[in-house]
>>> print(open('model-v7.cif').read())   # mmCIF, C-alpha atoms
data_work
#
loop_
_atom_site.label_atom_id
_atom_site.label_comp_id
_atom_site.auth_asym_id
_atom_site.auth_seq_id
_atom_site.Cartn_x
_atom_site.Cartn_y
_atom_site.Cartn_z
CA MET A 18 -21.72 11.85 11.31
CA THR A 19 -19.34 9.06 10.25
CA THR A 20 -16.92 10.40 7.67
CA SER A 21 -14.95 8.55 5.03
CA THR A 22 -12.67 11.51 4.42
CA GLY A 23 -9.11 12.28 5.32
CA VAL A 24 -5.83 12.61 3.52
CA ILE A 25 -3.08 10.06 3.09
CA THR A 26 0.53 10.97 3.80
CA GLY A 27 3.33 8.51 3.09
CA VAL A 28 7.07 8.10 3.51
CA SER A 29 9.25 5.61 1.66
CA VAL A 30 12.77 4.28 2.05
CA SER A 31 13.61 2.11 -0.94
CA HIS A 32 16.38 0.94 -3.24
CA ARG A 33 15.78 4.09 -5.29
CA GLN A 34 17.51 6.27 -2.70
CA ALA A 35 18.90 3.95 -0.01
CA ASP A 36 21.30 1.03 0.19
CA VAL A 37 20.54 -2.31 1.81
CA GLY A 38 21.88 -1.28 5.21
CA GLU A 39 19.82 1.91 5.28
CA ILE A 40 16.65 0.03 4.32
CA GLU A 41 17.36 -2.53 7.02
CA SER A 42 17.88 0.12 9.69
CA ALA A 43 14.62 1.86 8.74
CA ALA A 44 12.50 -1.27 9.24
CA ALA A 45 10.41 -1.99 12.32
CA SER A 46 10.41 -5.45 13.87
CA SER A 47 7.32 -6.29 11.77
CA GLN A 48 4.69 -4.63 9.61
CA ARG A 49 2.10 -4.98 12.36
CA ALA A 50 4.45 -3.38 14.87
CA ALA A 51 4.97 -0.46 12.49
CA VAL A 52 1.21 0.02 12.07
CA GLU A 53 0.58 -0.19 15.81
CA ARG A 54 3.22 2.47 16.40
CA LEU A 55 1.58 4.77 13.83
CA LEU A 56 -1.85 4.27 15.41
CA ASP A 57 -0.50 5.44 18.76
CA HIS A 58 -0.73 9.00 17.43
CA ALA A 59 -4.12 10.59 18.21
CA ALA A 60 -4.21 12.35 14.82
CA VAL A 61 -4.03 9.04 12.91
CA THR A 62 -7.34 7.42 11.93
CA GLU A 63 -5.89 4.75 9.59
CA ALA A 64 -2.41 3.34 9.00
CA PHE A 65 -0.57 0.99 6.66
CA ALA A 66 3.03 -0.22 6.41
CA ILE A 67 4.88 -2.46 3.99
CA GLN A 68 8.37 -3.86 4.54
CA THR A 69 10.21 -5.95 1.93
CA CYS A 70 13.83 -6.65 1.11
CA ASN A 71 14.12 -3.42 -0.88
CA ARG A 72 11.55 -1.05 0.61
CA VAL A 73 10.15 0.17 3.92
CA GLU A 74 7.08 2.39 3.66
CA ALA A 75 4.53 3.87 6.06
CA TYR A 76 1.22 5.62 5.36
CA VAL A 77 -1.21 7.42 7.66
CA VAL A 78 -4.65 8.96 7.21
CA THR A 79 -5.25 12.19 9.11
CA ASP A 80 -7.69 15.10 8.89
CA ASP A 81 -5.08 17.25 7.15
CA ALA A 82 -1.74 16.77 5.45
CA GLY A 83 0.20 18.77 8.04
CA ALA A 84 -0.79 16.39 10.82
CA GLY A 85 0.17 13.37 8.71
CA ARG A 86 3.58 14.83 7.89
CA ALA A 87 4.22 15.59 11.57
CA VAL A 88 3.36 12.02 12.59
CA LEU A 89 5.64 10.49 9.96
CA GLU A 90 8.48 12.91 10.74
CA SER A 91 8.33 11.68 14.33
CA TYR A 92 8.08 8.06 13.14
CA ALA A 93 11.13 8.45 10.86
CA ALA A 94 13.13 10.69 13.17
CA ASP A 95 16.13 8.33 13.24
CA ILE A 96 16.28 7.86 9.46
CA PRO A 97 18.57 10.18 7.41
CA ASP A 98 16.64 12.77 5.44
CA SER A 99 18.64 11.89 2.33
CA VAL A 100 16.95 8.49 1.99
CA LEU A 101 13.39 9.60 2.73
CA GLU A 102 10.85 10.07 -0.06
CA TRP A 103 7.77 12.01 1.07
CA LEU A 104 4.39 11.38 -0.55
CA ASP A 105 1.33 13.60 -0.34
CA HIS A 106 -2.22 12.27 -0.79
CA GLU A 107 -2.27 11.94 -4.57
CA ALA A 108 1.38 10.87 -4.76
CA SER A 109 0.62 8.13 -2.20
CA LEU A 110 -2.28 6.82 -4.27
CA ARG A 111 -0.19 6.67 -7.44
CA HIS A 112 2.84 5.25 -5.64
CA MET A 113 0.84 2.37 -4.13
CA MET A 114 -0.33 1.42 -7.63
CA ARG A 115 3.22 1.59 -8.99
CA VAL A 116 4.48 -0.59 -6.14
CA ALA A 117 1.79 -3.25 -6.61
CA SER A 118 2.31 -3.33 -10.38
CA GLY A 119 6.06 -3.83 -9.99
CA LEU A 120 7.19 -0.51 -11.49
CA GLU A 121 8.92 0.52 -8.26
CA SER A 122 10.65 -2.83 -7.72
CA LEU A 123 14.37 -3.50 -8.01
CA VAL A 124 13.41 -6.02 -10.68
CA ILE A 125 10.76 -4.25 -12.76
CA GLY A 126 7.57 -6.30 -12.90
CA GLU A 127 8.56 -8.76 -10.16
CA ASP A 128 5.72 -11.09 -9.25
CA GLN A 129 6.09 -11.43 -5.50
CA ILE A 130 5.52 -7.76 -4.67
CA ILE A 131 1.76 -7.98 -5.24
CA GLY A 132 1.58 -10.81 -2.71
CA GLN A 133 3.63 -8.72 -0.29
CA VAL A 134 1.18 -5.82 -0.69
CA ARG A 135 -1.71 -8.20 0.05
CA ASP A 136 0.08 -9.50 3.15
CA ALA A 137 0.74 -5.96 4.40
CA TYR A 138 -2.91 -5.08 3.78
CA GLU A 139 -4.06 -8.09 5.82
CA ASP A 140 -1.60 -7.23 8.61
CA ALA A 141 -3.05 -3.73 8.88
CA ARG A 142 -6.65 -4.93 8.59
CA SER A 143 -6.14 -7.53 11.31
CA ILE A 144 -5.56 -4.78 13.89
CA GLY A 145 -8.31 -2.48 12.63
CA ALA A 146 -5.98 0.03 10.95
CA VAL A 147 -7.65 0.04 7.51
CA GLY A 148 -10.67 2.30 7.16
CA PRO A 149 -12.57 3.58 4.13
CA VAL A 150 -9.75 5.78 2.79
CA LEU A 151 -7.00 3.13 2.79
CA GLU A 152 -9.47 0.38 1.88
CA SER A 153 -10.16 2.13 -1.42
CA ALA A 154 -6.50 2.99 -2.03
CA ILE A 155 -4.96 -0.41 -1.30
CA THR A 156 -7.59 -2.55 -2.98
CA LYS A 157 -7.36 -0.35 -6.07
CA ALA A 158 -3.56 -0.75 -6.04
CA ILE A 159 -3.87 -4.54 -5.82
CA HIS A 160 -6.38 -4.54 -8.68
CA VAL A 161 -3.95 -2.45 -10.77
CA GLY A 162 -1.16 -4.92 -9.98
CA GLU A 163 -3.32 -7.80 -11.19
CA ARG A 164 -4.25 -5.94 -14.39
CA ALA A 165 -0.60 -5.07 -15.06
CA ARG A 166 0.35 -8.73 -15.05
CA SER A 167 -2.65 -10.00 -17.02
CA GLU A 168 -2.87 -7.22 -19.61
CA THR A 169 0.80 -6.35 -20.26
CA ALA A 170 4.18 -8.09 -20.63
CA ILE A 171 5.63 -6.40 -17.55
CA ASN A 172 6.51 -9.70 -15.84
CA ASP A 173 8.07 -11.53 -18.80
CA GLY A 174 11.58 -12.87 -18.23
CA VAL A 175 13.40 -12.08 -14.96
CA VAL A 176 10.55 -11.50 -12.53
CA SER A 177 12.10 -11.69 -9.07
CA VAL A 178 15.15 -10.77 -7.08
CA GLY A 179 15.88 -14.50 -6.78
CA SER A 180 15.82 -15.04 -10.54
CA ALA A 181 17.89 -11.87 -11.04
CA ALA A 182 20.54 -13.30 -8.72
CA VAL A 183 20.62 -16.55 -10.67
CA GLU A 184 20.78 -14.62 -13.95
CA LEU A 185 23.85 -12.76 -12.67
CA ALA A 186 25.45 -15.97 -11.37
CA ALA A 187 24.93 -17.73 -14.71
CA THR A 188 26.37 -14.76 -16.60
CA GLU A 189 29.45 -14.22 -14.44
CA HIS A 190 30.28 -17.78 -13.37
CA ASP A 191 30.43 -21.27 -14.83
CA LEU A 192 27.80 -23.32 -13.00
CA THR A 193 28.13 -26.48 -15.10
CA ASP A 194 27.59 -29.51 -12.84
CA ALA A 195 27.62 -27.15 -9.85
CA THR A 196 26.14 -27.81 -6.44
CA ALA A 197 23.83 -25.05 -5.30
CA THR A 198 22.73 -24.39 -1.74
CA VAL A 199 19.64 -22.35 -0.93
CA VAL A 200 19.29 -21.22 2.68
CA GLY A 201 15.68 -20.53 3.66
CA ALA A 202 12.40 -21.90 2.34
CA GLY A 203 10.28 -18.80 1.82
CA GLU A 204 8.95 -17.34 -1.40
CA MET A 205 12.24 -15.75 -2.46
CA SER A 206 14.20 -18.92 -1.76
CA THR A 207 11.68 -20.95 -3.77
CA LEU A 208 11.92 -18.53 -6.71
CA ALA A 209 15.72 -18.72 -6.57
CA ALA A 210 15.57 -22.52 -6.55
CA LYS A 211 13.26 -22.55 -9.57
CA ALA A 212 15.57 -20.17 -11.42
CA LEU A 213 18.62 -22.32 -10.62
CA ASP A 214 16.74 -25.30 -12.01
CA ALA A 215 15.57 -23.54 -15.18
CA ARG A 216 18.50 -21.29 -16.09
CA THR A 217 21.70 -23.02 -15.04
CA ASP A 218 23.50 -26.30 -15.58
CA ALA A 219 23.78 -26.96 -11.86
CA ASP A 220 22.97 -30.59 -11.13
CA ARG A 221 22.41 -30.70 -7.37
CA LEU A 222 20.43 -28.54 -4.97
CA LEU A 223 20.71 -28.50 -1.18
CA VAL A 224 17.96 -26.65 0.67
CA VAL A 225 18.67 -25.70 4.28
CA ASN A 226 15.91 -24.55 6.56
CA ARG A 227 14.94 -24.63 10.22
CA THR A 228 12.04 -26.90 9.27
CA VAL A 229 13.12 -29.75 7.01
CA GLU A 230 9.53 -30.27 5.84
CA ARG A 231 9.48 -26.79 4.31
CA ALA A 232 12.83 -27.44 2.67
CA GLU A 233 11.25 -30.50 1.06
CA ARG A 234 8.51 -28.31 -0.41
CA VAL A 235 11.11 -26.16 -2.14
CA LEU A 236 12.66 -29.27 -3.67
CA ASP A 237 9.23 -30.44 -4.79
CA ALA A 238 9.02 -27.29 -6.92
CA VAL A 239 12.11 -28.18 -8.99
CA GLU A 240 13.23 -31.10 -11.14
CA MET A 241 16.93 -31.23 -10.26
CA ASP A 242 18.24 -33.70 -7.69
CA GLY A 243 18.48 -32.36 -4.20
CA GLN A 244 18.41 -32.88 -0.48
CA PRO A 245 16.48 -31.10 2.30
CA LEU A 246 18.55 -30.28 5.39
CA GLY A 247 18.07 -28.72 8.79
CA MET A 248 20.04 -25.71 10.03
CA ASP A 249 22.39 -28.03 11.89
CA ALA A 250 23.71 -29.08 8.47
CA LEU A 251 24.33 -25.52 7.27
CA GLU A 252 28.13 -25.70 7.44
CA ARG A 253 28.21 -28.97 5.45
CA ALA A 254 25.79 -27.57 2.85
CA VAL A 255 27.77 -24.35 2.39
CA SER A 256 31.09 -26.21 2.19
CA ALA A 257 29.72 -28.45 -0.57
CA ALA A 258 28.29 -25.58 -2.61
CA ASP A 259 29.65 -23.72 -5.62
CA VAL A 260 26.86 -21.15 -5.34
CA VAL A 261 24.89 -20.18 -2.23
CA VAL A 262 21.67 -18.17 -2.15
CA SER A 263 20.57 -17.08 1.31
CA ALA A 264 17.19 -15.48 2.07
CA THR A 265 16.07 -16.40 5.57
CA GLY A 266 14.81 -13.12 7.00
CA LYS A 267 16.43 -13.96 10.36
CA PRO A 268 17.37 -11.00 12.58
CA ASP A 269 21.07 -12.01 12.70
CA PRO A 270 23.53 -13.21 10.01
CA VAL A 271 23.48 -16.94 9.33
CA ILE A 272 26.65 -17.24 7.21
CA ASP A 273 29.72 -15.76 8.90
CA PRO A 274 33.33 -15.71 7.56
CA SER A 275 34.35 -18.79 9.54
CA LEU A 276 31.68 -20.83 7.76
CA VAL A 277 33.15 -20.23 4.29
CA ALA A 278 36.81 -19.53 5.08
CA ALA A 279 37.93 -23.06 4.24
CA THR A 280 35.65 -23.68 1.24
CA GLY A 281 36.76 -23.61 -2.36
CA GLU A 282 35.68 -20.93 -4.83
CA THR A 283 32.16 -19.98 -3.79
CA VAL A 284 29.63 -17.48 -5.07
CA VAL A 285 27.32 -16.19 -2.33
CA PHE A 286 24.12 -14.20 -2.86
CA ASP A 287 22.59 -12.44 0.14
CA LEU A 288 18.95 -11.66 -0.71
CA ALA A 289 17.79 -11.22 2.86
CA GLN A 290 16.71 -8.16 4.78
CA PRO A 291 18.15 -7.99 7.43
CA GLN A 292 21.33 -9.33 5.83
CA ASP A 293 22.17 -13.01 6.14
CA VAL A 294 25.78 -12.59 5.00
CA PRO A 295 27.97 -9.83 6.48
CA GLU A 296 30.13 -7.80 4.10
CA SER A 297 33.26 -9.27 5.68
CA VAL A 298 32.48 -12.58 3.94
CA GLY A 299 33.11 -10.85 0.61
CA GLU A 300 36.62 -9.93 1.74
CA LEU A 301 37.68 -13.60 1.69
CA ALA A 302 39.85 -14.50 -1.30
CA ASN A 303 37.78 -17.56 -2.18
CA VAL A 304 34.33 -15.90 -1.96
CA THR A 305 32.47 -13.63 -4.35
CA ARG A 306 29.62 -11.98 -2.46
CA TYR A 307 26.63 -10.24 -4.01
CA ASP A 308 23.86 -8.41 -2.20
CA LEU A 309 20.73 -6.61 -3.39
CA ASP A 310 22.72 -3.54 -4.41
CA ALA A 311 24.86 -5.68 -6.73
CA LEU A 312 21.82 -6.76 -8.76
CA GLU A 313 21.45 -3.32 -10.33
CA SER A 314 23.27 -4.42 -13.51
CA VAL A 315 20.77 -7.23 -14.14
CA THR A 316 17.78 -5.13 -13.21
CA GLU A 317 18.89 -2.26 -15.45
CA GLU A 318 18.96 -4.65 -18.41
CA THR A 319 15.49 -5.86 -17.42
CA ARG A 320 14.27 -2.28 -17.25
CA ALA A 321 15.47 -1.65 -20.79
CA LYS A 322 13.63 -4.71 -22.10
CA ARG A 323 10.42 -3.76 -20.33
CA ARG A 324 10.17 -0.07 -21.14
CA GLU A 325 7.38 -0.64 -23.66
CA ALA A 326 5.45 -2.83 -21.21
CA ALA A 327 6.02 -0.24 -18.47
CA LEU A 328 4.38 2.42 -20.65
CA ALA A 329 1.32 0.18 -20.96
CA VAL A 330 1.24 -0.27 -17.19
CA GLU A 331 1.48 3.50 -16.75
CA GLU A 332 -1.68 3.84 -18.84
CA VAL A 333 -3.47 1.34 -16.58
CA ILE A 334 -2.29 3.31 -13.53
CA ASN A 335 -3.40 6.65 -14.99
CA GLU A 336 -6.87 5.26 -15.68
CA ALA A 337 -7.20 3.71 -12.22
CA PHE A 338 -5.81 6.84 -10.55
CA GLU A 339 -8.48 9.05 -12.12
CA GLU A 340 -11.17 6.52 -11.16
CA LEU A 341 -9.97 6.53 -7.55
CA LEU A 342 -9.86 10.32 -7.34
CA THR A 343 -13.42 10.47 -8.67
CA GLN A 344 -14.46 7.86 -6.11
CA TYR A 345 -12.98 9.90 -3.26
CA LYS A 346 -14.57 13.12 -4.51
CA ARG A 347 -18.00 11.51 -4.78
CA LYS A 348 -17.65 10.19 -1.22
CA ARG A 349 -16.92 13.71 0.02
CA ALA A 350 -19.89 15.09 -1.88
CA ASP A 351 -22.11 12.28 -0.59
CA GLU A 352 -21.29 13.22 2.98
CA VAL A 353 -22.23 16.83 2.35
CA ILE A 354 -25.42 15.61 0.63
CA SER A 355 -26.17 13.26 3.51
CA ALA A 356 -25.91 16.14 5.97
CA MET A 357 -28.18 18.22 3.74
CA TYR A 358 -30.81 15.46 3.72
CA GLU A 359 -30.50 14.93 7.46
CA GLY A 360 -31.06 18.65 8.06
CA ALA A 361 -34.08 18.61 5.74
CA GLU A 362 -35.41 15.48 7.46
CA ARG A 363 -35.22 17.11 10.87
CA ARG A 364 -36.97 20.24 9.58
CA LYS A 365 -39.67 18.12 7.87
CA THR A 366 -40.25 16.09 11.04
CA ALA A 367 -40.59 19.23 13.17
CA GLU A 368 -43.07 20.81 10.74
CA LEU A 369 -45.13 17.62 10.55
CA GLU A 370 -45.33 17.40 14.33
CA GLN A 371 -46.62 20.97 14.49
CA ALA A 372 -49.16 20.33 11.72
CA PHE A 373 -50.40 17.07 13.29
CA ALA A 374 -50.84 18.86 16.60
CA LYS A 375 -53.29 21.27 14.94
CA LEU A 376 -55.12 18.74 12.74
CA ASP A 377 -57.40 15.89 13.67
CA LEU A 378 -56.20 13.21 11.24
CA ASP A 379 -56.62 9.47 11.34
CA GLU A 380 -53.69 7.12 10.69
CA GLU A 381 -54.33 6.81 6.96
CA GLU A 382 -54.54 10.59 6.54
CA ARG A 383 -51.31 11.07 8.51
CA GLU A 384 -49.55 8.61 6.20
CA VAL A 385 -50.75 10.54 3.15
CA VAL A 386 -49.40 13.81 4.56
CA GLU A 387 -46.07 12.20 5.56
CA SER A 388 -45.72 10.65 2.10
CA MET A 389 -46.40 14.03 0.49
CA ALA A 390 -43.75 15.68 2.71
CA ASP A 391 -41.22 12.99 1.82
CA SER A 392 -41.95 13.45 -1.87
CA ILE A 393 -41.56 17.22 -1.66
CA VAL A 394 -38.20 16.93 0.15
CA ASN A 395 -36.86 14.34 -2.32
CA GLN A 396 -37.98 16.32 -5.37
CA LEU A 397 -36.52 19.55 -4.03
CA LEU A 398 -33.18 17.97 -3.13
CA ALA A 399 -32.72 15.72 -6.20
CA PRO A 400 -31.36 18.44 -8.55
CA PRO A 401 -28.87 19.89 -6.02
CA THR A 402 -27.80 16.34 -5.13
CA ASN A 403 -26.81 15.61 -8.72
CA GLY A 404 -25.24 19.05 -9.03
CA LEU A 405 -23.16 18.58 -5.87
CA ARG A 406 -21.83 15.23 -7.07
CA ASP A 407 -20.87 16.71 -10.43
CA ALA A 408 -19.31 19.71 -8.69
CA ALA A 409 -17.21 17.49 -6.42
CA GLU A 410 -15.99 15.44 -9.36
CA ALA A 411 -14.96 18.67 -11.10
CA ASP A 412 -13.30 20.05 -7.92
CA ASP A 413 -15.90 22.84 -7.96
CA TRP A 414 -16.11 23.35 -4.22
CA SER A 415 -17.42 26.91 -4.61
CA THR A 416 -20.68 25.38 -5.90
CA ILE A 417 -20.88 23.18 -2.79
CA ASN A 418 -20.17 26.26 -0.70
CA THR A 419 -23.06 28.13 -2.37
CA ALA A 420 -25.42 25.16 -1.97
CA LEU A 421 -24.73 24.96 1.74
CA GLN A 422 -25.46 28.66 2.13
CA LEU A 423 -28.73 28.33 0.19
CA PHE A 424 -30.01 25.33 2.12
CA ASP A 425 -28.42 26.38 5.42
CA PRO A 426 -29.08 23.06 7.18
CA SER A 427 -28.99 23.02 10.95
CA PHE A 428 -26.11 20.69 11.65
CA THR A 429 -25.45 18.86 14.87
CA ASP A 430 -22.03 19.45 16.43
CA GLU A 431 -20.81 16.06 15.22
CA GLU A 432 -21.95 16.78 11.65
CA THR A 433 -20.35 20.22 11.78
CA ASP A 434 -16.99 18.71 12.73
CA GLY A 435 -17.20 16.19 9.88
CA LEU A 436 -18.22 18.77 7.28
CA ALA A 437 -15.53 21.16 8.49
CA ALA A 438 -12.88 18.50 7.84
CA ILE A 439 -14.26 17.88 4.35
CA ALA A 440 -14.53 21.54 3.49
CA GLU A 441 -11.14 22.53 4.88
CA HIS A 442 -9.40 19.71 3.01
CA ALA A 443 -11.21 20.55 -0.22
CA SER A 444 -10.77 24.30 -0.04
CA GLY A 445 -7.21 24.36 1.26
CA GLY A 446 -7.89 25.97 4.64
CA SER A 447 -10.52 27.28 7.03
CA GLU A 448 -10.86 30.56 5.11
CA GLY A 449 -12.25 28.69 2.12
CA MET A 450 -14.76 26.52 3.94
CA PRO A 451 -18.49 27.20 3.53
CA PRO A 452 -19.75 30.06 5.76
CA ALA A 453 -22.64 27.84 6.93
CA ILE A 454 -20.06 25.60 8.56
CA ARG A 455 -17.51 28.23 9.57
CA ASP A 456 -20.19 30.37 11.28
CA ARG A 457 -21.42 27.33 13.18
CA LEU A 458 -17.88 26.67 14.42
CA ASP A 459 -17.45 30.33 15.37
CA ASP A 460 -20.68 30.20 17.39
CA ARG A 461 -19.37 27.22 19.33
CA THR A 462 -16.16 29.03 20.25
#
>>> encode(input="model-v7.cif", output="structure tokens")
Amino acid sequence: MTTSTGVITGVSVSHRQADVGEIESAAASSQRAAVERLLDHAAVTEAFAIQTCNRVEAYVVTDDAGAGRAVLESYAADIPDSVLEWLDHEASLRHMMRVASGLESLVIGEDQIIGQVRDAYEDARSIGAVGPVLESAITKAIHVGERARSETAINDGVVSVGSAAVELAATEHDLTDATATVVGAGEMSTLAAKALDARTDADRLLVVNRTVERAERVLDAVEMDGQPLGMDALERAVSAADVVVSATGKPDPVIDPSLVAATGETVVFDLAQPQDVPESVGELANVTRYDLDALESVTEETRAKRREAALAVEEVINEAFEELLTQYKRKRADEVISAMYEGAERRKTAELEQAFAKLDLDEEEREVVESMADSIVNQLLAPPTNGLRDAAEADDWSTINTALQLFDPSFTDEETDGLAAIAEHASGGSEGMPPAIRDRLDDRT
């Protein structure tokens, strides 16, 4: 019996409880590498990981919550307990929706997080790590994120870490006629460039990237004058800049103290994870350095402006959360129902074979008898089928227990294992599972 059951367990390290360095140290080399490592555990049937500049999260699906917690404790063994946030099944479902909708972001309502969730989903799917449980959870979260942005004002105003950095720069520093340098040509760098263009009086933009063609694309997204440059021109671009925004995602720093030691007054924003700009750069007399932790002042103001919109998003999440729980419950009930029908089908087939052995029927007469048997089975099982689905939706697993005792289907070993997982998860332990299943397991031991 192929089951679509299991429980999700998650662990999160984010800006809510960790600083930039702690988030960086918690990250794997890539999202795919994190998922592959999780799948190495025999207890894990599905896995998902998301890593951004301000969060590192891992989720596993196992037969029971204890196994999932054990896997993630091993996975996060080197991470301080003080920065870990543990998520059980229902908390994981709600948290994924909050992440995709932007409520868990450093900048509330940021736009790029929903794209990052999609990318993480595709990374996990590409290696076969997403099964029916995570498929429902992640796609529902993405749908909630889309609704949050189309139905509420959650993403009005400052909507990204890049734009938050520019907002802080414009507030704290005079950028009139300034030269700005953006290092990197990814999504965050592009958002920062657009914000520099729209919200400051800077008049020149230098974009430095390993691939000059991609740097040109960033400049195509803005109206201010600029120049695309390769990484070999980094020192010249930084020396000419009044404000630098760096977001490359490279494994090692790209702007060291020697690069800015001889420049004039310079404001440097490090939006990368791992960090592009070491803290020692901020110790130079001529440099003001900001990292992701320093953006809290801007993001707190954004939070205050978006509280009303956030309440509307919470309503969307609550609605979707209940829908998803109902969906999971119906799937569990459907598997019990499927086993019930399969047991009835086997019994019907056996009885028909015995009857046909005693009767001399032609083909047409056999079809009439088979049709009658099918009709009897379907009519007998239709009421309990509807009742079991309603019972699952209402968390009434005692009714399912009773139904299994009444029908007492003869399960195969594979079906027994699947139903045992469903029943134990639903009832909170083996003592609460239906006797029809528990007795079968006892017989096998």
>>> resolve_selection(input="model-v7.cif", expression="the PyMOL selection byres ((chain A and resi 233-246) around 9)", output="ChimeraX atom specification")
/A:202-203,206-208,210-211,213-215,219-232,247-251,254
>>> write_last_selection(input="model-v7.cif", atoms="C-alpha atoms", output="short mmCIF file (atom, residue, chain, number, x, y, z; two decimals), in the frame of the given file")
data_model
loop_
_atom_site.label_atom_id
_atom_site.label_comp_id
_atom_site.auth_asym_id
_atom_site.auth_seq_id
_atom_site.Cartn_x
_atom_site.Cartn_y
_atom_site.Cartn_z
CA ALA A 202 12.40 -21.90 2.34
CA GLY A 203 10.28 -18.80 1.82
CA SER A 206 14.20 -18.92 -1.76
CA THR A 207 11.68 -20.95 -3.77
CA LEU A 208 11.92 -18.53 -6.71
CA ALA A 210 15.57 -22.52 -6.55
CA LYS A 211 13.26 -22.55 -9.57
CA LEU A 213 18.62 -22.32 -10.62
CA ASP A 214 16.74 -25.30 -12.01
CA ALA A 215 15.57 -23.54 -15.18
CA ALA A 219 23.78 -26.96 -11.86
CA ASP A 220 22.97 -30.59 -11.13
CA ARG A 221 22.41 -30.70 -7.37
CA LEU A 222 20.43 -28.54 -4.97
CA LEU A 223 20.71 -28.50 -1.18
CA VAL A 224 17.96 -26.65 0.67
CA VAL A 225 18.67 -25.70 4.28
CA ASN A 226 15.91 -24.55 6.56
CA ARG A 227 14.94 -24.63 10.22
CA THR A 228 12.04 -26.90 9.27
CA VAL A 229 13.12 -29.75 7.01
CA GLU A 230 9.53 -30.27 5.84
CA ARG A 231 9.48 -26.79 4.31
CA ALA A 232 12.83 -27.44 2.67
CA GLY A 247 18.07 -28.72 8.79
CA MET A 248 20.04 -25.71 10.03
CA ASP A 249 22.39 -28.03 11.89
CA ALA A 250 23.71 -29.08 8.47
CA LEU A 251 24.33 -25.52 7.27
CA ALA A 254 25.79 -27.57 2.85
#
>>> closest_atom_pairs(input="model-v7.cif", of="stretch 341-364 of chain A", to="stretch 403-408 of chain A", cutoff="9 Å", atoms="all atoms listed in the file", output="CSV")
residue,atom,partner,partner_atom,distance
A:Lys346,CA,A:Arg406,CA,8.0
A:Arg347,CA,A:Arg406,CA,5.8
A:Lys348,CA,A:Arg406,CA,8.8
A:Arg349,CA,A:Arg406,CA,8.8
A:Ala350,CA,A:Arg406,CA,5.5
A:Asp351,CA,A:Arg406,CA,7.1
A:Val353,CA,A:Leu405,CA,8.5
A:Ile354,CA,A:Leu405,CA,7.5
>>> residues_around(input="model-v7.cif", residues="A:Ala311", least_positions_apart="2", cutoff="12 Å", atoms="only C-alpha atoms", output="list in words")
His32, Asp36, Val37, Leu123, Val178, Ala181, Ala182, Leu185, Ala186, Val285, Phe286, Asp287, Leu288, Thr305, Arg306, Tyr307, Asp308, Leu309, Glu313, Ser314, Val315, Thr316 and Glu317 of chain A
>>> residues_around(input="model-v7.cif", residues="stretch 289-298 of chain A", least_positions_apart="4", cutoff="10 Å", atoms="only C-alpha atoms", output="JSON, numbers by chain")
{"A": [37, 38, 40, 41, 42, 44, 68, 69, 70, 71, 72, 200, 201, 205, 206, 262, 263, 264, 265, 266, 267, 268, 269, 270, 271, 272, 273, 274, 275, 276, 277, 278, 285, 302, 303, 304, 305, 306, 307, 308, 309]}
>>> atom_distance(input="model-v7.cif", atom1="atom CA of A:Asp136", atom2="atom CA of A:Ser91")
25.3 Å
>>> atom_distance(input="model-v7.cif", atom1="atom CA of A:Glu39", atom2="atom CA of A:Ile131")
23.1 Å
>>> residues_around(input="model-v7.cif", residues="A:Val134", least_positions_apart="5", cutoff="12 Å", atoms="only C-alpha atoms", output="compact mmCIF listing (two decimals) with C-alpha atoms, in the frame of the given file")
# COMPACT_ATOMS: atom_id res chain seq x y z
CA GLN A 48 4.69 -4.63 9.61
CA PHE A 65 -0.57 0.99 6.66
CA ALA A 66 3.03 -0.22 6.41
CA ILE A 67 4.88 -2.46 3.99
CA GLN A 68 8.37 -3.86 4.54
CA THR A 69 10.21 -5.95 1.93
CA ARG A 72 11.55 -1.05 0.61
CA VAL A 73 10.15 0.17 3.92
CA GLU A 74 7.08 2.39 3.66
CA MET A 113 0.84 2.37 -4.13
CA MET A 114 -0.33 1.42 -7.63
CA ARG A 115 3.22 1.59 -8.99
CA VAL A 116 4.48 -0.59 -6.14
CA ALA A 117 1.79 -3.25 -6.61
CA SER A 118 2.31 -3.33 -10.38
CA GLY A 119 6.06 -3.83 -9.99
CA ASP A 128 5.72 -11.09 -9.25
CA GLN A 129 6.09 -11.43 -5.50
CA GLU A 139 -4.06 -8.09 5.82
CA ASP A 140 -1.60 -7.23 8.61
CA ALA A 141 -3.05 -3.73 8.88
CA ALA A 154 -6.50 2.99 -2.03
CA ILE A 155 -4.96 -0.41 -1.30
CA THR A 156 -7.59 -2.55 -2.98
CA LYS A 157 -7.36 -0.35 -6.07
CA ALA A 158 -3.56 -0.75 -6.04
CA ILE A 159 -3.87 -4.54 -5.82
CA HIS A 160 -6.38 -4.54 -8.68
CA VAL A 161 -3.95 -2.45 -10.77
CA GLY A 162 -1.16 -4.92 -9.98
CA GLU A 163 -3.32 -7.80 -11.19
>>> atom_distance(input="model-v7.cif", atom1="atom CA of A:Gly145", atom2="atom CA of A:Ala84")
20.4 Å
>>> residues_around(input="model-v7.cif", residues="stretch 97-107 of chain A", least_positions_apart="5", cutoff="7 Å", atoms="all atoms listed in the file", output="ChimeraX atom specification")
/A:24-30,34-35
